[in-house]
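K.L.:
Questions regarding the structure given below will be posed in turn.
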Amino acid sequence: MNTAIKARRARKKLFGNTVFHGFGLIASFFFLAPFIWAGLASLRSNAEAQSPPLPPWPKNGISVDAYLTLDTFGAGVWQHTMNSLLVSAGTVVLTVIVSILAGYGFSRYRFPFKNLMFVLIIATLMIPFQSILTPLFIILAKLGLNNSLLGLTLVYVTLQLPFSVFMMRNAFDAVPREIEEAARIDGARDLKLLVRVLFPLVLPGVVTVAIFAFLNAWNEFLAALILLSDNEKYTLPVLMTAVRAGRLGAINWGALQAGVMVMTIPCLVVFLLLQRYYMRGLMAGAVK
């Protein structure tokens with residue numbers, strides 16, 4: 001009797017695992033299919049690229065013609081990629097530094113109107129970005145930062161800070177104060193305490209903030225189009241509009257798919273490398 005019950009439970013467990021993993025494989029296929037499609041379409045020759053990517057796989061062998069053609073648009077794909085990397089890296093560094101300091105201050109210090117200031121910072125998330133583009137353009141022009149990657153980076157940092165400060169304050173709130181008090185007894189002061197003691201504990205929140213800052217800066221299009229005017233300073237999303245529009249109405253589908261891959265791969269690499277911290281950081285930011 002016990003053997004029959006165990007066999008039945010084993011069959012149910014096997015069936016459940018099979019269904020679970022089967023569903024996971026099907027879902028993974030739907031998520032990966034667009035990337036596989038774009039990757040195969042980007043490896044077609046110039047002759048095949050003149051027609052829409054159906055079917056997407058190369059018929060006459062693998063070719064890098066699409067990537068070479070992509071480099072002929074604008075100032076070259078590598079120049080625009082470097083622009084995007086510089087802006088994204090600068091956005092990540094500044095956002096992380098400011099949000100850590102602000103989150104630590106809102107979490108650990110008492111000062112007048114602290115809660116009101118925090119609410120006002122969060123409330124800026126409700127303001128549509130498009131509605132403040134004109135004031136931002138005027139401010140950058142007054143500061144002499146218009147049409148510069150530094151000015152664009154500062155705009156991205158400003159837009160990213162409300163969410164980042166919220167995440168970091170919650171991350172610091174989740175750290176027991178007893179740890180901080182013990183470190184102070186051992187002689188650690190504010191900056192040393194923040195860097196050596198608290199920073200490793202809030203690392204998941206820091207990684208979450210960094211990932212969001214990188215993805216938003218890497219993929220943002222409207223501000224880069226409006227705040228930049230030199231072709232050599234445009235970022236990748238702006239370059240992709242020229243590829244998508246084509247020359248004289250003729251779209252090179254291979255170059256378009258190559259641009260999609262160039263824009264996608266860094267995002268995938270960053271997320272895959274940091275996904276463990278990212279999931280922990282989201283939970284730390286969502287639950288105090």
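Residues in the structure tokens are named by chain (A, B, ... in the order shown) and by number from 1 within that chain; ligands are numbered from 1 in the order shown.
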Can you list, as a ChimeraX atom specification, every protein, DNA or RNA residue that comes within 12 Å of A:Leu194 when you count only C-alpha atoms, leaving out same-chain residues fewer than 3 positions away?
P.N.:
/A:97,100-105,108,172,175,179-180,183-184,188-191,197-203
K.L.:
Which polymer residues have any atom within 12 Å of an atom of stretch 151-153 of chain A, counting only C-alpha atoms, with same-chain residues fewer than 4 positions away left out, as a VMD selection string?
P.N.:
chain A and resid 83 to 95 133 136 to 147 157 to 160 213 to 214 216 to 218 220 to 229 233 to 235
K.L.:
Residues at most 8 Å from A:Ser164, counting only C-alpha atoms, excluding those fewer than 6 positions away in the same chain, as a PyMOL selection string?
P.N.:
chain A and resi 95-96+99+209
K.L.:
Would you output that residue set with C-alpha atoms, as a tab-separated table (two decimals), in the first residue's frame?
P.N.:
chain	number	residue	atom	x	y	z
A	95	THR	CA	22.90	58.56	-9.99
A	96	VAL	CA	24.39	55.94	-7.68
A	99	SER	CA	21.04	58.47	-4.50
A	209	VAL	CA	19.49	51.66	-9.20
K.L.:
Enter the distance from atom CA of A:Thr241 to atom CA of A:Ile211, in Å, rounded to one decimal.
P.N.:
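Going from atom CA of A:Thr241 over to atom CA of A:Ile211 covers 24.5 Å.
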